[in-house]
Structure formats: C-alpha cells, structure tokens
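Have a look at the structure below before the remarks.
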Amino acid sequence: MGTYDYRSIEKKWQRYWKENRTFVADKQSSKPKYYVLDMFPYPSGAGLHVGHPLGFIATDIITRYKRNKGFNVLHPMGFDSFGLPAEQYAIKTGVHPAERTKTNIKHYWQQLESIGLHYDPDATVTTSEPAYYKWTQWIFLKLFSHWYNKQEEKAYPIEQLVDIFAKNGNAEVIAASSQKTSFSADAWNAMTEKEQADILMNYRLAYLDYATVNWCQELGTVLANEEIKDGKSERGGFPVERRQMKQWMLRITAYADRLLTGLDTIDWSDSMKAMQTHWIGRSEGASIVYQVEGVEDTIEVFTTRPDTLYGNTFMVLAPEHPLVEKIMSADQKEEVETYVTWAKNRSEKDRIADTSKTGVFTGGYAIHPMTGNKLPIWIADYVVITYGTGAIMAVPSGDQRDWDFAKKYNLEIIEVVAGGNIDEAAYDSKDGKMVNSDFLNGMSAREAIRAMIGKLVEMGIGKKEITYRQRDVIWSRQRYWGEPTPIVYKNGIATPMDEADLPLVLPEIDEYKPSPTGEPPLSRATSWRTNPDGDIRDLNTMPGLAGSSWYFLRYPDAENDKEFASKEVIDYWMPVDLYIGGTEHAVGHLMYSRFWTKFLKDIGLASVDEPFQKLVNQGMIQGVSQLMYRNKETNVFVSADLVEKGTEDQYSEIHTDVNLVKAGVMDVEGYKSWTKDEWATFQLNDAGEFRTFSQVEKMSKSLYNTIDPQVLCEEVGADTMRLYEMFLGPIEVAKPWNIDGINGVHSFLKRAYNLFVGDKEEWLVTDGAPTADELKILHKTIKKVEEGIERLAFNVCVPAFMVFVREMGKMNCHKRAVLEPFLVSLSSFAPHFCEELWEKMGHGQTILLASFPEWKEEFIAEATIQYPVQINGKMRTKIEVAADAAKDAVEEVALANETVQQWMDGKPARKVIVVPGRIVNIVV
RNA sequence: GCGGAUGUGGCGAAAUUGGUAGACGCGCUAGAUUUAGGAUCUAGUGCCGCAAGGCGUGUGGGUUCGAGUCCCUCCAUCCGCACCA
C-alpha cells in the first residue's frame with residue numbers, strides 16, 4: 001500500500017501557497033466577484049483552539065470552491081487588536097500593548113497557515129496600527145460633522161444646518177436630535193460661538209452628552225454592566241455608582257428605521273433578524289402632556305394605548321425623573337428621598353431580578369386631560385428612565401404591572417375595555433368595546449386609539465409618536481489601548497482636528513492605569529495632552545467596536561494611504577457575499593457595521609446600504625471538561641465510579657487537564673507532575689484505575705479543556721482535521737468536541753490515496769475509458785458535493801467522497817477520467833492532499849486553477865424508477881418505469897400510459913400526467 | 001413573561017420541492033489476518049420477534065392515496081431579551 005505521508009505533503013503545499021501568493025485577488029476584474037469574510041479575531045495570548053477554525057475552514061472551502069467555479073474571490077483575514085486584555089497585561093507586566101499584540105498576531109498567522117488556511121496577503125488589517133486607525137478617526141470626524149435629516153432619511157453636512165439656522169431658526173428642521181427647544185433665526189444669530197456650538201452638538205451624529213454610566217472611583221473608569229458583580233467592581237471589589245458623565249455618543253437612533261427595514265433585504269437567520277428587531281424595539285403610540293398641580297412643569301408620557309386614557313387613575317415617574325424634586329410635598333420629602341437613594345444604588349441585576357412593584361407617593365398631583373380629575377403622582381422603579389419619557393400614565397385595568405401596583409397601594413381601578421374581569425387581573429387585549437370612556441364608548445379599541453389621538457392633537461396636548469428601545473451608543477472609554485479621539489477643545493468648544501494631521505497617534509506613557517486624580521490614562525502623556533496651538537486634547541479613546549465597524553470596507557484596498565478605500569474598488573467588491581461568525585455580535589458589531597455603512601453611503605463614500613448580504617452563524621465547538629471528585633472532609637480524590645449517586649455534594653469538583661485523561665481514566669502520575677502536587681492522594685477503583693467524569697462547557701484555557709489544532713494536525717494532518725470538523729455536523733449547530741470519529745475520516749484519506757498509488761509506491765492511474773457504472777458514481781458525487789457546498793451543508797459532502805472512494809475501490813478503478821474530476825471536487829476540503837496528487841497527475845499548475853467539474857443527469861439516472869399511480873385522484877398502485885426511458889418526459893408518459901392500459905384491461909387513459917421523479921396521475 | 005430556534009438509532013447525523021426513514025462515520029457483534037494492537041480487511045447492526053410479521057422521526061390531533069417534512073395542541077431543550085408603558 002502506498003504511504004500517505006501527510007506531514008511532508010502539507011508542509012510542501014503550505015510553503016508553496018505562501019511563496020506564490022496564491023490567494024491574491026485581482027483588485028478589479030471582469031470576472032464575477034465573490035467576497036467571503038470571517039469575523040476577524042482578537043489576537044489573544046492563548047492562541048487558537050479547535051473551536052475557532054470551524055468557521056475559518058468553512059470560508060476557506062468556499063474560497064477554493066468559488067475559484068474553481070471561475071470567480072474572482074477575495075478572502076481576507078485581519079485582527080481586531082485594540083482591547084482590554086492587552087491593556088490589562090500591560091498594567092500587570094509593563095509590556096507595551098503594541099508589542100504584546102504583535103507577538104500574538106505572529107502566532108495566529110503561524111497557526112492559521114499550519115491548518116492550511118491561507119488568505120490574500122495584501123488584504124489584511126490590524127485595527128491598532130496607525131495606518132488603519134487613521135481612517136477610523138477620520139470616519140469619526142465625518143460623523144461629528146454631519147447631522148441627520150429625518151424627513152429625507154439621510155445625513156447631511158453640519159454647515160448646511162448652520163445656514164438653515166441663520167435663515168430660519170430650527171422650527172422647520174426635522175432632524176434626529178436631542179435639541180428640545182426651538183429658536184428663531186434672530187435668536188441664533190445673536191448667540192455666542194459657544195452657545196451655537198452647544199446647540200449644534202445636539203444635532204451631530206457624533207456628539208458629547210451626559211450619559212448614565214457605571215463609574216468606579218477606585219479604578220478611575222467607567223465599567224460595562226458585565227464588569228460589575230453585586231454592585232462592586234468585578235476586579236478589586238470596589239464600589240460602583242451610577243453617575244451622569246459627559247461622554248462621546250453616536251446617534252445610531254437616527255438610523256433606527258433604516259436599520260429595521262434593511263433587514264428585509266438581507267439573507268440572515270430569523271433569530272438574528274429577530275434579535276436586531278427587538279434591540280431596535282420600534283413601538284407606535286402617542287405622547288400626552290399632563291399639567292401638574294401647583295407647578296409650571298408638565299409631565300410627558302408615552303403610551304401605546306391612548307384608547308385607555310379614561311382608565312388612567314394615577315401617574316408613575318421613574319425615581320431618576322427630574323420632576324421628582326419639584327413635585328414632592330413637604331410631608332413626603334423624606335420618604336421620597338430615601339426611596340430615590342435606594343433605587344439609584346440598586347444594581348441593574350437586582351432590579352431585573354426583583355419584579356415586585358415597590359414605590360412611594362410624591363404628594364403631587366397631575367390633572368387628567370379629559371376629566372380634570374386629580375391623579376396622584378407616584379415614583380416606582382418599575383418605570384425606567386431610559387425608555388420613553390421615564391413617566392407613564394398608569395391604567396391598572398389595562399396593564400398588569402399597573403394593576404399589581406394599584407392592588408398593592410390601594411389605588412382606583414376603572415374598566416375601560418369590556419371583556420375581562422378586572423377584579424382578577426388586568427385586561428390588556430384590544431378585543432372588546434370601550435366603556436366608561438365618554439366619547440369613545442362603544443368603539444373597538446383600535447378605533448378608539450385613532451379617535452383619541454385625533455382628540456389629543458385637536459386639544460394640542462398630544463400626538464402620534466414612535467419610540468425606540470435602542471439608545472444612542474456611548475463611544476468613549478477611559479482607557480489607553482484604543483483609538484484616541486481626534487478632538488481638541490478651543491476655548492471649551494469641542495473642535496475637530498484637521499484631517500491632514502491624522503492619524504492622531506497614541507502617545508507613549510509610562511503607566512497604563514488612570515491617573516491618581518481619576519483622569520484617563522492618556523492624561524499621563526503630559527506633553528501630548530495639549531496640542532502645538534496650546535489647546536487641550538480629548539483624553540478618551542474609542543471602544544473596541546470602532547475598528548470593527550468598517551474593516552470589511554478596508555480589506556479590498558487595504559494599502560491605500562490616500563483614502564479610507566477607493567470608491568471604485570469597494571463598488572466592485574461590496575457587499576460581502578458571505579459573512580461567517582458567531583452570534584455573540586448580533587446586536588453589537590453587526591449593528592454598528594450596518595450603521596456606519598449606511599452613513600458612508602449617505603455621504604457618497606460607499607454604494608451599498610447593507611454590508612453583509614448573507615450571514616451565517618457558526619455554532620461554538622464546546623469543550624468536554626474532565627472533572628474529579630475530591631472529598632471535602634479528607635481532601636482525597638476519589639475515582640468517579642466509587643462515588644455513590646446522591647452523595648456528590650460531599651465532594652468538590654475539580655477540573656483536570658483533558659490531555660491527561662484517556663477513555664475516562666486519568667494518568668495519576670501525570671496529574672501530580674502537572675500540578676506539582678506530590679501530596680495529592682487518590683482512591684482508585686478495583687481495577688486500579690482513577691476515573692473522571694466529564695461535562696460539556698465552553699472551551700477555555702481556564703477549564704483545561706482546550707485542544708490545540710496544531711497538535712491535532714501533527715497527529716493526523718490538517719486535511720483530516722478539516723474534513724473531520726466539517727463532517728461533525730452542520731456549521732450552525734453547537735456541539736462538543738469529540739475526537740472519537742476522526743479515525744474514520746483519516747482512513748478515508750488513506751484509502752483515497754491508494755486509488756492513486758500502489759503497494760510499492762507505483763503510480764496506478766491509467767488512461768482507460770470509464771464504464772457507465774463508474775461515470776454514474778462520479779457524477780452523483782460531484783452533484784452532491786456541489787449542492788452541499790452551495791447550501792453550506794459541508795457535512796453531506798464528506799460522505800459523498802467516502803462513497804466514491806469505497807465504490808472505486810470495489811471496482812478496482814484507477815482511471816484518470818474519473819479520478820481527476822474527483823480530485824477537483826475534493827480539493828476545497830483536503831487541499832494539500834489534492835494539490836499533491838494533481839501535481840503527480842502531471843499538471844503544471846495548481847488545482848485552484850482547475851475548473852469545478854460539471855455533473856450530468858444522463859449518467860446519474862437509476863435503472864428503474866418506481867412511480868405511485870393515482871387514478872382519478874385516488875391512490876391505486878405503483879408502476880415501474882425504466883430509467884433509460886425516463887430520459888425525457890415524452891417517452892416516460894408513453895411508457896406509463898402503455899403500462900396502465902394493460903393494467904386497465906386495455907382501456908386507454910384519457911390523460912396521464914407525469915411529474916418526473918414524482919407521481920403518475922391518470923384520469924380515466 | 002416575550003421573541004427565535006430545535007426535538008430522528010447507543011452516539012454525531014442524512015433524507016433538494018410531501019414519495020422505500022436512518023446515507024456516511026463512531027460504537028457494538030462475529031469472522032479473517034497479525035508476535036501484538038487503540039492496526040487492517042470482510043459481514044452484520046432502528047426496536048420487538050426463532051420466524052412470518054409487527055412497531056417506529058418528542059406528545060396528541062388534522063390535511064393527504066401518501067407526512068420526519070405541511071397545519072393546530074401540548075411537552076422538553078437551547079439561544080436572545082427582559083418591569084419597554
């Protein structure tokens with residue numbers, strides 16, 4: 001038998017592809033293009049594990065397949081290299097994050113190449129390099145200098161808005177804006193520069209505003225919700241408070257409608273679209289303004305059910321609502337203040353966990369706009385300040401939360417929609433006639449909504465309104481390892497840097513922590529923090545999302561130093577035809593990438609509205625951790641089969657390295673030397689083994705369950721690993737990594753090799769003409785593989801190859817005419833293997849330049865096809881039709897008719913309908 | 001609670017539009033070969049049954065000549081969101 005020496009074959013071809021720059025795409029070409037993209041990784045110190053390459057292998061297969069199909073394919077790879085781990089590592093060790101990042105990236109490239117993953121070497125990005133982040137900063141400045149016209153649904157330069165204000169004030173402007181008040185042209189022209197700048201800030205797409213953040217004094221930074229545990233910082237356990245701080249924000253809410261409607265035009269999974277839809281959270285209703293007894297201020301509420309206004313018996317404000325101060329009465333002051341303080345310091349998590357409705361009465365009253373009744377104003381933390389207006393009109397008969405609250409505090413409940421039993425629960429259905437509702441009585445709820453909005457508009461106290469759940473995104477971080485914000489403050493006015501001065505390079509600092517006074521790390525760069533003109537620089541950096549929001553536009557033209565990317569080049573390449581990555585970016589990266597693409601289209605720099613035409617989420621490959629029982633009392637490790645069911649809680653569960661465990665039995669000596677714990681004692685079972693138990697969880701270094709793909713490649717080869725990962729199941733499905741079946745795949749490659757090379761390393765391939773049977777199997781295989789790849793069902797392609805090899809082996813067929821097309825169809829899965837044999841076949845070029853074979857139905861047809869037969873629509877029997885005759889429908893009908901005539905005692909059928917491969921329908 | 005998805009052998013899984021359920025691989029059983037095997041090859045392997053035969057795609061119904069596939073009910077699991085007014 002020939003020896004399939006995968007080690008030398010794989011090394012040879014990996015070097016070949018690299019040296020010959022095989023995967024460089026033509027920047028522009030008359031060929032059809034195909035842009036296939038992976039979500040680029042963060043280059044962590046831990047390197048790749050077997051879970052990572054699943055999506056990478058899939059895109060590599062597509063790349064090679066599409067090239068064989070005649071496409072000009074772009075398949076780039078890069079690194080999302082700004083981020084927290086490198087910064088934390090720097091704080092600990094003093095190693096510059098850039099240095100650490102560089103080392104890690106080098107390791108990643110080497111790992112990728114060793115599993116046969118090769119990319120276009122000219123199309124790569126590293127987000128932390130100045131040549132790249134120059135353009136991230138540049139786009140930020142573009143956002144800063146544009147506003148969003150809501151009427152035209154498009155972004156325009158801010159200068160245009162300045163002209164409008166100078167001529168007409170802001171009354172006519174319909175914009176996405178946080179500007180609450182209106183002003184005339186005269187008022188605008190009379191303003192100081194600073195006052196004008198403050199107003200423009202309310203219109204910019206990148207703007208400064210106060211936002212509620214989790215501030216940790218001790219760490220000197222803002223923390224994400226995930227970084228807080230029980231109201232304390234995860235690291236250090238320092239107190240965290242919710243604080244209003246001025247932050248850079250991006251006005252993504254301007255694009256909410258387009259982000260929503262755009263989903264209809266792209267090929268993403270339902271769950272992905274549902275997540276984005278829900279995140280945007282569009283809801284239609286009405287806003288209503290209430291007068292408040294004794295004060296000038298009014299309360300504005302948002303409701304989706306204006307029809308139930310007559311059932312409104314009290315008001316509820318969020319504890320943080322600005323009006324609380326003004327409306328509370330003297331005798332309620334103490335109680336209100338206690339409640340507000342308590343609510344403010346509750347962590348987000350506590351608030352979510354606790355659904356019991358608590359609140360206090362403020363002592364103030366609002367006036368019902370229709371009846372003039374006095375409505376007590378309460379505060380309660382079931383009303384959140386971040387949604388709607390932070391205030392609600394409570395309708396206990398129609399909303400379960402209001403109902404619970406009213407029952408608890410004995411507030412009035414008035415039925416307004418008939419059909420429920422409001423003594424038992426709220427009735428929130430829209431099925432029912434209006435009652436107790438004056439002019440609405442007798443209408444359906446749907447009619448009443450329209451009628452009430454009409455009435456509110458007529459009275460000038462309300463209007464139709466659309467509210468979104470989505471908030472503008474905070475775009476500043478008090479960190480070092482990110483893009484510096486290219487803004488300086490001239491006389492306190494935030495001013496964009498001159499584009500010619502970009503990139504604004506990260507300054508060198510001696511420590512990466514915030515300053516002792518709580519200023520961001522960049523404040524330590526004392527000579528940098530004022531620019532040459534003496535203006536103060538912004539000290540914030542951008543979040544990790546910044547670099548990843550546009551990298552796919554950079555790849556096709558990654559070396560361009562004149563523009564962020566040439567318009568012609570991205571017009572040719574965009575949109576991305578296939579994007580593969582995990583679901584964890586559903587509402588983060590994917591949302592902001594869509595937003596930035598739409599913005600860049602608005603300002604004429606991109607031609608597509610949606611960046612990612614087809615999105616596939618690969619499932620995570622989970623780790624199978626191995627755990628040991630350790631007796632809590634004696635600290636003795638006990639073999640898992642000796643632990644009785646139900647007594648597990650007497651033991652601690654300790655992770656051990658999966659590499660020490662074979663078939664559930666752990667190498668005890670290996671464990672001792674690994675942990676350097678010579679004192680560990682083990683209770684073995686009767687067979688003298690120490691058994692562990694396993695558990696499926698995330699693959700992670702800290703759980704000792706990672707498997708390095710390079711180790712696996714060394715053991716069985718990259719081609720085997722690629723085939724096996726694809727063979728495991730559909731790429732969308734999460735599954736535990738299980739190596740049990742890998743031998744089956746490996747021996748398939750060995751058997752395949754033996755079709756080409758014989759026992760004494762002699763070349764077996766012959767030139768004879770293939771038989772019908774051989775052609776049938778070949779064409780079936782090609783068909784199955786092509787269809788499998790096209791719908792990304794790689795797991796059905798591998799069995800097709802296996803069947804081919806088995807059948808050819810049985811027939812002892814070594815003919816070039818069938819083996820060559822087979823090699824091409826296999827080449828995207830096992831590229832090293834196929835390149836080697838392709839070369840041995842005598843081809844002077846790489847298999848990537850071969851064209852994918854075409855399958856022909858005429859070779860595939862079965863010997864006989866069984867058709868069920870219907871007569872006058874009723875199922876009667878089955879007839880058999882020879883496949884040769886079934887080549888075209890006409891013959892098939894004739895034959896079927898003949899058979900049926902015999903069966904029907906010579907009576908001819910009036911009509912015989914044959915759907916190929918289906919059913920015969922006969923009308924007598 | 002809301003939204004999205006998924007339920008098929010001992011296991012991973014196949015089954016283009018409704019048409020022979022379980023391809024392919026693992027595991028298991030038997031045999032061959034080998035000094036030996038966690039190597040290789042051959043045959044078998046959904047379940048019950050000696051067999052003929054019967055039963056089988058989470059549950060219960062429905063449409064159809066025919067349902068893993070379409071419709072409704074319920075159950076279970078996974079993911080996402082969560083007092084959204």
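By order of appearance in the structure tokens: chains A, B, ..., then residues from 1 within every chain, and ligands from 1 in the order shown.
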
Q: Compute the chain B side of the contact with chain A at 12 Å, counting only C-alpha atoms (C1' of nucleotides), and hand it back as a VMD selection string.
A: chain B and resid 1 to 6 11 to 20 23 to 27 38 to 40 64 to 66 78 to 85

List as a JSON list (two decimals) with N, CA and C atoms, in the first residue's frame the protein and nucleic acid residues near stretch 326-343 of chain A, meaning an atom at most 6 Å away when only C-alpha atoms (C1' of nucleotides) are counted, but skip any in the same chain fewer than 3 places from it.
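And here is the file that came out, out03.json:
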```json
[["chain", "number", "residue", "atom", "x", "y", "z"],
["A", 319, "PRO", "N", -37.69, 56.91, 39.39],
["A", 319, "PRO", "CA", -37.07, 57.59, 40.53],
["A", 319, "PRO", "C", -36.07, 58.68, 40.10],
["A", 323, "LEU", "N", -38.40, 65.72, 37.51],
["A", 323, "LEU", "CA", -39.51, 66.45, 38.14],
["A", 323, "LEU", "C", -39.76, 66.04, 39.59],
["A", 346, "ARG", "N", -29.31, 50.60, 43.45],
["A", 346, "ARG", "CA", -29.58, 49.20, 43.12],
["A", 346, "ARG", "C", -28.88, 48.87, 41.80],
["A", 362, "THR", "N", -45.55, 60.78, 45.89],
["A", 362, "THR", "CA", -44.74, 62.01, 45.98],
["A", 362, "THR", "C", -45.45, 63.13, 46.71],
["A", 363, "GLY", "N", -46.77, 63.02, 46.79],
["A", 363, "GLY", "CA", -47.54, 64.13, 47.36],
["A", 363, "GLY", "C", -48.07, 65.06, 46.29],
["A", 364, "GLY", "N", -47.58, 64.90, 45.05],
["A", 364, "GLY", "CA", -48.04, 65.78, 43.98],
["A", 364, "GLY", "C", -49.18, 65.16, 43.17]]
```

(Q) Can you pull out every residue from stretch 514-753 of chain A that DSSP, working from the backbone, puts in strand (DSSP E or B), and format the result as a PyMOL selection string? (A) chain A and resi 530+536-537+541+576+578-581+612+614-617+621-631+637-638+651-656+661-662+665-666+682-683+691+693-697+735-736

If you keep N, CA and C atoms, can you produce a file of those selected residues as a tab-separated table (two decimals), in the first residue's frame?
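This is the output file out.tsv:
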```
chain	number	residue	atom	x	y	z
A	530	THR	N	-1.70	68.69	25.45
A	530	THR	CA	-2.03	69.95	24.78
A	530	THR	C	-1.39	69.89	23.40
A	536	ILE	N	-6.37	71.93	24.51
A	536	ILE	CA	-6.38	70.66	25.25
A	536	ILE	C	-7.00	69.57	24.40
A	537	ARG	N	-6.36	68.42	24.39
A	537	ARG	CA	-6.89	67.29	23.62
A	537	ARG	C	-7.93	66.54	24.43
A	541	THR	N	-10.49	57.40	24.62
A	541	THR	CA	-10.26	56.58	23.43
A	541	THR	C	-11.60	55.97	23.02
A	576	VAL	N	-20.32	42.25	1.00
A	576	VAL	CA	-19.77	40.94	1.35
A	576	VAL	C	-20.81	39.88	0.99
A	578	LEU	N	-20.66	36.56	1.65
A	578	LEU	CA	-20.89	35.59	2.72
A	578	LEU	C	-20.05	35.98	3.92
A	579	TYR	N	-20.71	36.11	5.06
A	579	TYR	CA	-20.04	36.50	6.30
A	579	TYR	C	-20.31	35.42	7.32
A	580	ILE	N	-19.24	34.83	7.86
A	580	ILE	CA	-19.42	33.77	8.84
A	580	ILE	C	-18.82	34.17	10.18
A	581	GLY	N	-19.58	34.02	11.23
A	581	GLY	CA	-19.08	34.36	12.56
A	581	GLY	C	-20.10	33.98	13.63
A	612	PHE	N	-23.50	43.21	4.61
A	612	PHE	CA	-23.36	41.75	4.62
A	612	PHE	C	-24.59	41.09	4.03
A	614	LYS	N	-25.20	37.84	2.99
A	614	LYS	CA	-25.60	36.59	3.65
A	614	LYS	C	-24.77	36.43	4.91
A	615	LEU	N	-25.44	36.12	5.98
A	615	LEU	CA	-24.74	35.94	7.26
A	615	LEU	C	-25.03	34.54	7.78
A	616	VAL	N	-23.98	33.83	8.16
A	616	VAL	CA	-24.17	32.51	8.75
A	616	VAL	C	-23.47	32.50	10.11
A	617	ASN	N	-24.17	32.02	11.10
A	617	ASN	CA	-23.58	31.96	12.44
A	617	ASN	C	-23.08	30.55	12.69
A	621	ILE	N	-17.88	25.25	19.04
A	621	ILE	CA	-17.47	23.91	19.42
A	621	ILE	C	-17.15	23.97	20.90
A	622	GLN	N	-17.87	23.18	21.66
A	622	GLN	CA	-17.70	23.24	23.10
A	622	GLN	C	-16.60	22.28	23.55
A	623	GLY	N	-16.11	22.54	24.73
A	623	GLY	CA	-15.09	21.66	25.29
A	623	GLY	C	-15.75	20.58	26.12
A	624	VAL	N	-15.11	19.44	26.20
A	624	VAL	CA	-15.56	18.40	27.12
A	624	VAL	C	-14.56	18.38	28.26
A	625	SER	N	-14.96	18.98	29.39
A	625	SER	CA	-14.04	19.09	30.51
A	625	SER	C	-14.01	17.77	31.27
A	626	GLN	N	-12.90	17.48	31.90
A	626	GLN	CA	-12.79	16.30	32.75
A	626	GLN	C	-12.68	16.78	34.20
A	627	LEU	N	-13.50	16.20	35.05
A	627	LEU	CA	-13.51	16.62	36.45
A	627	LEU	C	-13.28	15.43	37.38
A	628	MET	N	-12.76	15.78	38.57
A	628	MET	CA	-12.51	14.75	39.58
A	628	MET	C	-13.32	15.11	40.83
A	629	TYR	N	-13.67	14.07	41.58
A	629	TYR	CA	-14.29	14.29	42.88
A	629	TYR	C	-13.21	14.33	43.95
A	630	ARG	N	-13.30	15.35	44.80
A	630	ARG	CA	-12.40	15.38	45.95
A	630	ARG	C	-13.23	15.48	47.22
A	631	ASN	N	-13.03	14.55	48.12
A	631	ASN	CA	-13.78	14.52	49.36
A	631	ASN	C	-13.53	15.80	50.14
A	637	PHE	N	-8.83	12.48	46.52
A	637	PHE	CA	-9.50	12.37	45.22
A	637	PHE	C	-10.05	10.96	45.10
A	638	VAL	N	-11.35	10.86	44.74
A	638	VAL	CA	-11.99	9.56	44.68
A	638	VAL	C	-12.40	9.25	43.24
A	651	TYR	N	-18.52	16.13	47.85
A	651	TYR	CA	-17.25	16.25	47.14
A	651	TYR	C	-17.14	17.61	46.43
A	652	SER	N	-15.95	18.09	46.32
A	652	SER	CA	-15.71	19.23	45.44
A	652	SER	C	-15.42	18.68	44.06
A	653	GLU	N	-15.77	19.45	43.03
A	653	GLU	CA	-15.49	19.01	41.67
A	653	GLU	C	-14.31	19.82	41.15
A	654	ILE	N	-13.24	19.15	40.82
A	654	ILE	CA	-12.01	19.82	40.42
A	654	ILE	C	-11.71	19.50	38.96
A	655	HIS	N	-11.44	20.54	38.18
A	655	HIS	CA	-11.08	20.32	36.78
A	655	HIS	C	-9.68	19.73	36.66
A	656	THR	N	-9.54	18.81	35.72
A	656	THR	CA	-8.20	18.34	35.41
A	656	THR	C	-7.98	18.51	33.91
A	661	VAL	N	-6.43	12.56	30.38
A	661	VAL	CA	-7.49	11.56	30.53
A	661	VAL	C	-7.69	10.82	29.21
A	662	LYS	N	-7.64	9.49	29.26
A	662	LYS	CA	-7.92	8.67	28.09
A	662	LYS	C	-9.06	7.73	28.45
A	665	VAL	N	-10.19	7.49	32.09
A	665	VAL	CA	-9.20	7.12	33.10
A	665	VAL	C	-8.06	8.13	33.09
A	666	MET	N	-7.75	8.64	34.28
A	666	MET	CA	-6.73	9.68	34.34
A	666	MET	C	-5.37	9.10	34.70
A	682	PHE	N	-5.04	9.60	46.04
A	682	PHE	CA	-6.09	9.12	45.15
A	682	PHE	C	-6.62	7.80	45.64
A	683	GLN	N	-7.95	7.69	45.60
A	683	GLN	CA	-8.57	6.39	45.90
A	683	GLN	C	-8.96	5.76	44.55
A	691	ARG	N	-10.96	7.07	37.73
A	691	ARG	CA	-11.90	7.52	36.70
A	691	ARG	C	-12.37	8.95	36.98
A	693	PHE	N	-15.10	12.20	35.54
A	693	PHE	CA	-16.38	12.36	34.85
A	693	PHE	C	-16.28	13.62	33.98
A	694	SER	N	-17.14	13.68	32.98
A	694	SER	CA	-16.99	14.78	32.02
A	694	SER	C	-18.21	15.68	32.01
A	695	GLN	N	-18.00	16.82	31.45
A	695	GLN	CA	-19.04	17.85	31.46
A	695	GLN	C	-18.78	18.72	30.23
A	696	VAL	N	-19.86	19.06	29.51
A	696	VAL	CA	-19.70	19.90	28.32
A	696	VAL	C	-19.82	21.36	28.72
A	697	GLU	N	-18.84	22.15	28.41
A	697	GLU	CA	-18.92	23.57	28.69
A	697	GLU	C	-18.07	24.32	27.67
A	735	LYS	N	-21.71	22.06	19.16
A	735	LYS	CA	-21.54	20.67	19.56
A	735	LYS	C	-20.24	20.49	20.33
A	736	PRO	N	-20.23	19.51	21.21
A	736	PRO	CA	-19.00	19.28	21.96
A	736	PRO	C	-17.94	18.65	21.07
```

Q.
Quick one: residues within 6 Å of A:Tyr203, only C-alpha atoms (C1' of nucleotides), excluding same-chain residues fewer than 3 positions away - as a ChimeraX atom specification?
A. /A:147,177,200

(Q) At a cut-off of 6 Å, using only C-alpha atoms (C1' of nucleotides), what residues contact stretch 180-183 of chain A? Leave out same-chain residues fewer than 3 positions from it and give the result as a ChimeraX atom specification. (A) /A:169-171

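Distance-wise, atom CA of A:Phe238 and atom CA of A:Gln217 end up 8.1 Å apart.
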
Q: Write down as a PyMOL selection string the residues belonging to stretch 421-631 of chain A that are assigned alpha helix (DSSP H) by DSSP computed on the backbone.
A: chain A and resi 445-459+545-548+551-554+567-573+589-602

Q: Please provide as a PyMOL selection string all residues within 12 Å of B:U29, with the sequence filter that same-chain residues fewer than 4 positions apart are discarded (counting only C-alpha atoms (C1' of nucleotides)).
A: chain B and resi 43-45

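Every protein, DNA or RNA residue with an atom at most 12 Å from A:Asp602, where only C-alpha atoms (C1' of nucleotides) count and chain neighbours fewer than 5 positions away do not, is listed here: Lys142, Leu143, His146, Trp147, Tyr148, Asn149, Glu152, Glu153, Lys154, Ala155, Tyr156, Pro157, Tyr255, Arg258, Phe595, Trp596, Thr597, Ser607, Val608 and Asp609 of chain A.
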
(Q) Give me the residues near B:C71 as a ChimeraX atom specification, where near means some atom within 12 Å (using only C-alpha atoms (C1' of nucleotides)) and where sequence neighbours in that chain fewer than 2 positions away do not count. (A) /B:61-63,67,73

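Here atom CA of A:His843 and atom CA of A:Met811 stand 25.7 Å from one another.
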
Q: Rounded to one decimal place, report the atom CA of A:Asn104-atom CA of A:Ala718 distance in Å.
A: 21.5 Å
